[in-house]
2 protein chains.
Amino acid sequence: MWPEFRSRCPVASALDIVGDRWTLIVLRTMFAGRHRYGELADIPEKISTNILADRLERLEDFGLITKTAYQQNPPRYQYHLTEKGADLLPVLQEMAAWAARHIPDRWSSPPWFTEGKPEHFYPHG
Amino acid sequence: MWPEFRSRCPVASALDIVGDRWTLIVLRTMFAGRHRYGELADIPEKISTNILADRLERLEDFGLITKTAYQQNPPRYQYHLTEKGADLLPVLQEMAAWAARHIPDRWSSPPWFTEGKPEHFYPHG
DNA sequence: CATAGTCACTTGCATTTAGCAAGTTGCTTT
DNA sequence: AAAGCAACTTGCTAAATGCAAGTGACTATG
């Protein structure tokens, strides 16, 4: 369920879960409405497929996303944010706002992202 | 000044700067009022000194912190947040809030952190 | 019916980054 | 003269990342 935490500091603990180069990019893509492996792999940042598979497994282990089959034969899966995962939206929003203020020439965030709330992004929320 | 960005997405770009296991922990420690190398090294998460030196150099390169001498002979330095660096406070606040909500048994954040504003944490701000 | 294509991964291997311990430099203190 | 301290640096091992190719279970095409 949880990784080994470096300390009980909440910032450090959050980073033990999402503090790497790819995890938050996978979550960002899911906020953008993509739920299948192929859709999550086809992003401008060029994530390699072994990393994507690893992060999806980790995110599922930590309860930030769910993996459910949308068909059998051949088995095909879709990934969705849980409440815990969707609740990271404010972190992504603040990161995007910071980048918009301090890094030139970034893409502008759409209103569904800037004004969205976590409960809009998980089933029954 | 800037790293090579994977894309112009603001979230991905922010992660190109702070998206690793240690960078935000170094910044957290500086928000907590520590400014000297030894103080930044002496944290419960046990950062190794080569990583700390590397992250301080990166953060200075990217303009998130400044390095200034507070004495000559022997030269001793102190590190301070710039406006750009201090402006990451909302990201840390949202991370801490998320961890407090979803990970059991974390330390509770002090009011100077929870209620702080970026301009309280850089010179002349 | 055979071949080609798609999806969702998995495997192998090279490169990069992180982690740990010990060493170095230039003073200061005993 | 010897020990200590601050701020790193170096060497080496281990882990994570990146890239390309391969796999299995179908589905669609000629």
# chains A, B, ... in the order shown; residues from 1 in each chain; ligands from 1
>>> residues_around(residues="A:Leu24", least_positions_apart="3", cutoff="10 Å", atoms="only C-alpha atoms (C1' of nucleotides)", output="list in words")
Ile17, Val18, Gly19, Asp20, Arg21, Leu27, Arg28, Thr29, Met30, Arg55, Leu88, Leu89, Val91 and Leu92 of chain A; Val11, Ala12, Leu15 and Gly19 of chain B
>>> interface_residues(of="chain A", to="chain C", cutoff="10 Å", atoms="only C-alpha atoms (C1' of nucleotides)", output="list in words")
Arg36, Tyr37, Gly38, Thr49, Asn50, Leu52, Ala53, Pro74, Pro75, Arg76 and Tyr77 of chain A
>>> closest_atom_pairs(of="chain D", to="chain A", cutoff="9 Å", atoms="only C-alpha atoms (C1' of nucleotides)", output="Markdown table")
| residue | atom | partner | partner_atom | distance |
| --- | --- | --- | --- | --- |
| D:DT17 | C1' | A:Ile51 | CA | 7.9 |
| D:DG18 | C1' | A:Ser48 | CA | 7.1 |
| D:DC19 | C1' | A:Ser48 | CA | 8.0 |
| D:DA25 | C1' | A:Pro74 | CA | 5.6 |
| D:DC26 | C1' | A:Pro74 | CA | 5.7 |
>>> residues_around(residues="stretch 113-121 of chain B", least_positions_apart="5", cutoff="9 Å", atoms="only C-alpha atoms (C1' of nucleotides)", output="MDAnalysis selection string")
chainID B and resid 30:33 80:83 85:90 93 96:97
>>> write_last_selection(atoms="C-alpha atoms", output="PDB file, in the first residue's frame")
ATOM      1  CA  MET B  30      15.052  26.574   3.198  1.00  0.00           C
ATOM      2  CA  PHE B  31      11.425  27.635   3.813  1.00  0.00           C
ATOM      3  CA  ALA B  32      11.998  26.298   7.333  1.00  0.00           C
ATOM      4  CA  GLY B  33      14.685  28.941   7.817  1.00  0.00           C
ATOM      5  CA  HIS B  80      18.407  32.059   0.055  1.00  0.00           C
ATOM      6  CA  LEU B  81      15.218  31.665  -1.913  1.00  0.00           C
ATOM      7  CA  THR B  82      14.605  34.060  -4.769  1.00  0.00           C
ATOM      8  CA  GLU B  83      11.105  35.219  -5.657  1.00  0.00           C
ATOM      9  CA  GLY B  85      11.926  29.849  -5.602  1.00  0.00           C
ATOM     10  CA  ALA B  86       9.722  31.206  -2.834  1.00  0.00           C
ATOM     11  CA  ASP B  87       6.828  31.217  -5.266  1.00  0.00           C
ATOM     12  CA  LEU B  88       6.840  27.423  -5.135  1.00  0.00           C
ATOM     13  CA  LEU B  89       5.405  27.593  -1.615  1.00  0.00           C
ATOM     14  CA  PRO B  90       1.821  26.942  -2.794  1.00  0.00           C
ATOM     15  CA  GLN B  93       1.482  23.618   0.749  1.00  0.00           C
ATOM     16  CA  ALA B  96       1.528  18.773   2.467  1.00  0.00           C
ATOM     17  CA  ALA B  97      -2.249  19.181   2.569  1.00  0.00           C
TER      18      ALA B  97
END
>>> calpha_fit_and_write(fixed="chain A", moving="chain B", output="compact mmCIF listing (two decimals) with C-alpha atoms, in the first residue's frame")
# COMPACT_ATOMS: atom_id res chain seq x y z
CA MET B 1 -0.02 0.00 0.02
CA TRP B 2 2.62 2.57 1.03
CA PRO B 3 6.28 2.95 0.13
CA GLU B 4 8.99 3.24 2.76
CA PHE B 5 8.83 6.86 3.83
CA ARG B 6 12.05 8.77 4.40
CA SER B 7 10.41 10.67 7.25
CA ARG B 8 6.97 11.59 8.52
CA CYS B 9 7.22 15.06 6.96
CA PRO B 10 4.13 15.47 4.75
CA VAL B 11 6.06 17.10 1.91
CA ALA B 12 8.74 14.39 1.93
CA SER B 13 6.06 11.69 2.14
CA ALA B 14 4.15 13.07 -0.84
CA LEU B 15 7.43 13.07 -2.75
CA ASP B 16 8.03 9.44 -1.82
CA ILE B 17 4.89 8.73 -3.85
CA VAL B 18 4.94 11.27 -6.68
CA GLY B 19 8.48 12.66 -6.53
CA ASP B 20 10.00 11.50 -9.78
CA ARG B 21 10.16 12.58 -13.41
CA TRP B 22 7.06 10.73 -14.64
CA THR B 23 4.38 9.95 -12.05
CA LEU B 24 2.72 13.37 -12.10
CA ILE B 25 2.85 13.45 -15.89
CA VAL B 26 0.89 10.19 -16.02
CA LEU B 27 -1.68 11.67 -13.62
CA ARG B 28 -1.84 14.89 -15.65
CA THR B 29 -2.66 12.83 -18.75
CA MET B 30 -5.45 11.04 -16.87
CA PHE B 31 -6.90 14.40 -15.72
CA ALA B 32 -6.93 15.26 -19.43
CA GLY B 33 -9.38 12.42 -20.00
CA ARG B 34 -7.12 9.65 -21.24
CA HIS B 35 -7.69 6.28 -19.65
CA ARG B 36 -6.19 3.58 -21.86
CA TYR B 37 -2.59 2.45 -21.98
CA GLY B 38 -2.08 3.52 -25.56
CA GLU B 39 -3.56 6.95 -24.87
CA LEU B 40 -1.33 7.38 -21.83
CA ALA B 41 1.73 6.39 -23.85
CA ASP B 42 1.01 8.77 -26.72
CA ILE B 43 2.10 12.07 -25.16
CA PRO B 44 4.49 14.78 -26.33
CA GLU B 45 6.96 13.99 -23.53
CA LYS B 46 7.68 10.53 -25.00
CA ILE B 47 7.44 8.27 -21.97
CA SER B 48 8.89 4.83 -22.60
CA THR B 49 6.49 1.92 -22.23
CA ASN B 50 8.34 0.10 -19.46
CA ILE B 51 8.30 3.28 -17.33
CA LEU B 52 4.61 3.81 -18.03
CA ALA B 53 3.78 0.20 -17.05
CA ASP B 54 5.85 0.56 -13.88
CA ARG B 55 4.20 3.85 -12.86
CA LEU B 56 0.70 2.54 -13.49
CA GLU B 57 1.44 -0.43 -11.24
CA ARG B 58 2.87 1.81 -8.53
CA LEU B 59 -0.07 4.22 -8.73
CA GLU B 60 -2.48 1.32 -8.44
CA ASP B 61 -0.53 -0.12 -5.50
CA PHE B 62 -0.71 3.21 -3.72
CA GLY B 63 -4.42 3.59 -4.41
CA LEU B 64 -4.21 6.65 -6.63
CA ILE B 65 -5.71 4.94 -9.66
CA THR B 66 -7.81 1.86 -10.42
CA LYS B 67 -7.30 -0.62 -13.24
CA THR B 68 -10.44 -2.24 -14.63
CA ALA B 69 -11.08 -4.42 -17.66
CA TYR B 70 -13.38 -2.90 -20.27
CA GLN B 71 -13.37 -6.13 -22.30
CA GLN B 72 -12.24 -9.74 -22.11
CA ASN B 73 -10.66 -11.66 -25.01
CA PRO B 74 -8.33 -10.03 -25.45
CA PRO B 75 -8.25 -8.37 -22.03
CA ARG B 76 -8.15 -4.61 -22.30
CA TYR B 77 -7.93 -2.28 -19.36
CA GLN B 78 -8.75 1.27 -18.45
CA TYR B 79 -7.23 3.34 -15.70
CA HIS B 80 -9.15 5.86 -13.61
CA LEU B 81 -8.27 8.25 -10.84
CA THR B 82 -9.47 7.43 -7.36
CA GLU B 83 -10.44 10.16 -4.91
CA LYS B 84 -6.90 10.01 -3.54
CA GLY B 85 -5.43 10.46 -6.99
CA ALA B 86 -7.85 13.13 -8.15
CA ASP B 87 -7.15 15.03 -4.95
CA LEU B 88 -3.68 15.79 -6.30
CA LEU B 89 -5.24 18.23 -8.77
CA PRO B 90 -4.43 21.29 -6.62
CA VAL B 91 -0.76 20.29 -6.64
CA LEU B 92 -0.77 20.12 -10.44
CA GLN B 93 -2.69 23.39 -10.66
CA GLU B 94 -0.13 25.18 -8.48
CA MET B 95 2.73 23.70 -10.49
CA ALA B 96 1.17 24.85 -13.73
CA ALA B 97 0.51 28.30 -12.29
CA TRP B 98 4.11 28.55 -11.13
CA ALA B 99 5.42 27.49 -14.53
CA ALA B 100 3.13 29.97 -16.26
CA ARG B 101 4.48 32.78 -14.08
CA HIS B 102 8.18 31.89 -14.23
CA ILE B 103 8.98 29.94 -17.38
CA PRO B 104 8.52 31.74 -20.70
CA ASP B 105 6.54 30.36 -23.58
CA ARG B 106 4.58 27.54 -21.90
CA TRP B 107 1.23 26.29 -23.23
CA SER B 108 -1.64 27.97 -21.47
CA SER B 109 -3.81 25.75 -19.31
CA PRO B 110 -7.43 25.22 -20.36
CA PRO B 111 -10.28 26.29 -18.04
CA TRP B 112 -11.33 22.69 -17.26
CA PHE B 113 -7.90 22.33 -15.70
CA THR B 114 -7.44 25.72 -14.08
CA GLU B 115 -10.93 25.81 -12.63
CA GLY B 116 -11.50 22.09 -12.16
CA LYS B 117 -12.07 20.46 -8.83
CA PRO B 118 -10.85 16.99 -7.79
CA GLU B 119 -14.37 15.57 -7.51
CA HIS B 120 -14.98 16.20 -11.21
CA PHE B 121 -12.30 13.67 -12.10
CA TYR B 122 -13.24 10.44 -10.36
CA PRO B 123 -16.27 8.19 -10.71
CA HIS B 124 -19.33 9.18 -8.66
CA GLY B 125 -17.42 12.27 -7.35
>>> select_by_dssp(residues="stretch 8-111 of chain A", states="strand (DSSP E or B)", output="ChimeraX atom specification")
/A:65-71,76-81
>>> select_by_dssp(residues="chain B", states="helix (DSSP H, G or I)", output="compact mmCIF listing (two decimals) with N, CA and C atoms, in the first residue's frame")
# COMPACT_ATOMS: atom_id res chain seq x y z
N PRO B 10 3.06 23.19 -18.99
CA PRO B 10 3.55 23.81 -17.75
C PRO B 10 3.80 22.82 -16.63
N VAL B 11 2.97 21.79 -16.51
CA VAL B 11 3.21 20.79 -15.47
C VAL B 11 4.51 20.03 -15.76
N ALA B 12 4.67 19.57 -16.99
CA ALA B 12 5.89 18.84 -17.35
C ALA B 12 7.13 19.71 -17.18
N SER B 13 7.00 21.01 -17.52
CA SER B 13 8.14 21.91 -17.41
C SER B 13 8.54 22.15 -15.96
N ALA B 14 7.54 22.33 -15.10
CA ALA B 14 7.84 22.46 -13.66
C ALA B 14 8.57 21.20 -13.17
N LEU B 15 8.12 20.05 -13.64
CA LEU B 15 8.76 18.79 -13.22
C LEU B 15 10.17 18.66 -13.78
N ASP B 16 10.45 19.27 -14.92
CA ASP B 16 11.82 19.25 -15.42
C ASP B 16 12.77 20.00 -14.49
N ILE B 17 12.22 20.87 -13.66
CA ILE B 17 13.03 21.64 -12.73
C ILE B 17 13.01 21.03 -11.31
N VAL B 18 11.84 20.67 -10.84
CA VAL B 18 11.73 20.18 -9.46
C VAL B 18 11.26 18.74 -9.34
N THR B 23 14.94 17.77 -4.81
CA THR B 23 14.91 19.23 -5.00
C THR B 23 13.90 19.92 -4.11
N LEU B 24 12.67 19.42 -4.05
CA LEU B 24 11.65 20.09 -3.24
C LEU B 24 11.91 19.93 -1.75
N ILE B 25 12.64 18.89 -1.37
CA ILE B 25 13.00 18.73 0.04
C ILE B 25 14.03 19.78 0.45
N VAL B 26 14.97 20.07 -0.44
CA VAL B 26 15.93 21.14 -0.17
C VAL B 26 15.19 22.47 -0.02
N LEU B 27 14.26 22.75 -0.92
CA LEU B 27 13.50 24.00 -0.83
C LEU B 27 12.67 24.05 0.45
N ARG B 28 12.03 22.94 0.79
CA ARG B 28 11.27 22.87 2.04
C ARG B 28 12.13 23.28 3.23
N THR B 29 13.37 22.77 3.26
CA THR B 29 14.27 23.04 4.37
C THR B 29 14.64 24.52 4.41
N MET B 30 14.76 25.14 3.24
CA MET B 30 15.05 26.57 3.20
C MET B 30 13.84 27.40 3.66
N PHE B 31 12.63 26.97 3.28
CA PHE B 31 11.43 27.63 3.81
C PHE B 31 11.42 27.56 5.34
N TYR B 37 24.93 25.29 4.32
CA TYR B 37 25.10 23.94 3.80
C TYR B 37 24.91 22.88 4.89
N GLY B 38 25.56 23.08 6.00
CA GLY B 38 25.47 22.11 7.08
C GLY B 38 24.05 21.96 7.61
N GLU B 39 23.33 23.08 7.68
CA GLU B 39 21.94 23.03 8.14
C GLU B 39 21.04 22.32 7.13
N LEU B 40 21.36 22.50 5.84
CA LEU B 40 20.55 21.86 4.80
C LEU B 40 20.83 20.37 4.71
N ALA B 41 22.05 19.99 5.14
CA ALA B 41 22.41 18.57 5.11
C ALA B 41 21.84 17.80 6.29
N THR B 49 25.70 14.21 0.72
CA THR B 49 26.26 15.55 0.49
C THR B 49 26.51 15.84 -0.99
N ASN B 50 26.83 14.82 -1.77
CA ASN B 50 27.04 15.08 -3.20
C ASN B 50 25.72 15.47 -3.87
N ILE B 51 24.62 14.85 -3.46
CA ILE B 51 23.31 15.19 -4.01
C ILE B 51 22.92 16.60 -3.59
N LEU B 52 23.15 16.93 -2.33
CA LEU B 52 22.84 18.28 -1.87
C LEU B 52 23.62 19.33 -2.66
N ALA B 53 24.93 19.11 -2.82
CA ALA B 53 25.75 20.07 -3.58
C ALA B 53 25.24 20.20 -5.01
N ASP B 54 24.88 19.07 -5.61
CA ASP B 54 24.38 19.10 -6.99
C ASP B 54 23.07 19.87 -7.09
N ARG B 55 22.15 19.65 -6.15
CA ARG B 55 20.85 20.32 -6.21
C ARG B 55 20.97 21.82 -5.94
N LEU B 56 21.87 22.19 -5.04
CA LEU B 56 22.07 23.61 -4.77
C LEU B 56 22.60 24.31 -6.03
N GLU B 57 23.50 23.64 -6.74
CA GLU B 57 24.04 24.23 -7.97
C GLU B 57 22.95 24.37 -9.03
N ARG B 58 22.17 23.31 -9.18
CA ARG B 58 21.04 23.34 -10.13
C ARG B 58 20.06 24.45 -9.79
N LEU B 59 19.68 24.54 -8.51
CA LEU B 59 18.70 25.54 -8.09
C LEU B 59 19.22 26.95 -8.33
N GLU B 60 20.53 27.12 -8.11
CA GLU B 60 21.12 28.43 -8.39
C GLU B 60 21.11 28.69 -9.90
N ASP B 61 21.50 27.69 -10.68
CA ASP B 61 21.49 27.84 -12.14
C ASP B 61 20.10 28.24 -12.65
N GLU B 83 12.55 35.15 -5.48
CA GLU B 83 11.11 35.22 -5.66
C GLU B 83 10.60 33.97 -6.39
N LYS B 84 11.35 33.60 -7.42
CA LYS B 84 10.97 32.42 -8.21
C LYS B 84 10.92 31.15 -7.36
N GLY B 85 11.90 31.02 -6.47
CA GLY B 85 11.93 29.85 -5.60
C GLY B 85 10.85 29.90 -4.53
N ALA B 86 10.72 31.07 -3.90
CA ALA B 86 9.72 31.21 -2.83
C ALA B 86 8.31 31.02 -3.37
N LEU B 89 6.06 27.93 -2.88
CA LEU B 89 5.40 27.59 -1.61
C LEU B 89 4.01 26.99 -1.79
N PRO B 90 3.15 27.56 -2.64
CA PRO B 90 1.82 26.94 -2.79
C PRO B 90 1.86 25.48 -3.25
N VAL B 91 2.85 25.13 -4.05
CA VAL B 91 3.00 23.73 -4.47
C VAL B 91 3.29 22.86 -3.25
N LEU B 92 4.23 23.31 -2.41
CA LEU B 92 4.56 22.55 -1.20
C LEU B 92 3.37 22.49 -0.25
N GLN B 93 2.65 23.59 -0.14
CA GLN B 93 1.48 23.62 0.75
C GLN B 93 0.42 22.61 0.30
N GLU B 94 0.19 22.56 -1.01
CA GLU B 94 -0.81 21.61 -1.51
C GLU B 94 -0.34 20.17 -1.35
N MET B 95 0.95 19.95 -1.53
CA MET B 95 1.49 18.60 -1.31
C MET B 95 1.31 18.17 0.14
N ALA B 96 1.64 19.09 1.04
CA ALA B 96 1.53 18.77 2.47
C ALA B 96 0.07 18.54 2.84
N ALA B 97 -0.82 19.35 2.28
CA ALA B 97 -2.25 19.18 2.57
C ALA B 97 -2.74 17.83 2.06
N TRP B 98 -2.28 17.46 0.88
CA TRP B 98 -2.68 16.17 0.31
C TRP B 98 -2.18 15.02 1.19
N ALA B 99 -0.92 15.11 1.59
CA ALA B 99 -0.35 14.06 2.44
C ALA B 99 -1.08 13.98 3.77
N ALA B 100 -1.43 15.13 4.32
CA ALA B 100 -2.15 15.15 5.60
C ALA B 100 -3.52 14.46 5.46
N ARG B 101 -4.16 14.65 4.32
CA ARG B 101 -5.48 14.05 4.11
C ARG B 101 -5.40 12.56 3.82
N HIS B 102 -4.33 12.11 3.14
CA HIS B 102 -4.36 10.76 2.58
C HIS B 102 -3.32 9.78 3.12
N PRO B 111 1.78 26.59 11.54
CA PRO B 111 1.05 27.71 10.92
C PRO B 111 1.92 28.59 10.01
N TRP B 112 3.19 28.80 10.35
CA TRP B 112 4.02 29.64 9.47
C TRP B 112 4.12 29.02 8.09
N PHE B 113 3.97 27.69 8.03
CA PHE B 113 4.00 27.03 6.73
C PHE B 113 2.62 27.04 6.07
N THR B 114 1.64 26.59 6.80
CA THR B 114 0.29 26.47 6.24
C THR B 114 -0.26 27.81 5.78
N PRO B 118 4.48 33.35 -0.18
CA PRO B 118 5.82 33.35 -0.78
C PRO B 118 6.64 34.58 -0.42
N GLU B 119 6.03 35.75 -0.41
CA GLU B 119 6.81 36.98 -0.19
C GLU B 119 7.39 37.08 1.22
N HIS B 120 6.94 36.24 2.14
CA HIS B 120 7.55 36.23 3.46
C HIS B 120 8.89 35.51 3.48
N PHE B 121 9.25 34.85 2.38
CA PHE B 121 10.40 33.95 2.43
C PHE B 121 11.56 34.35 1.52
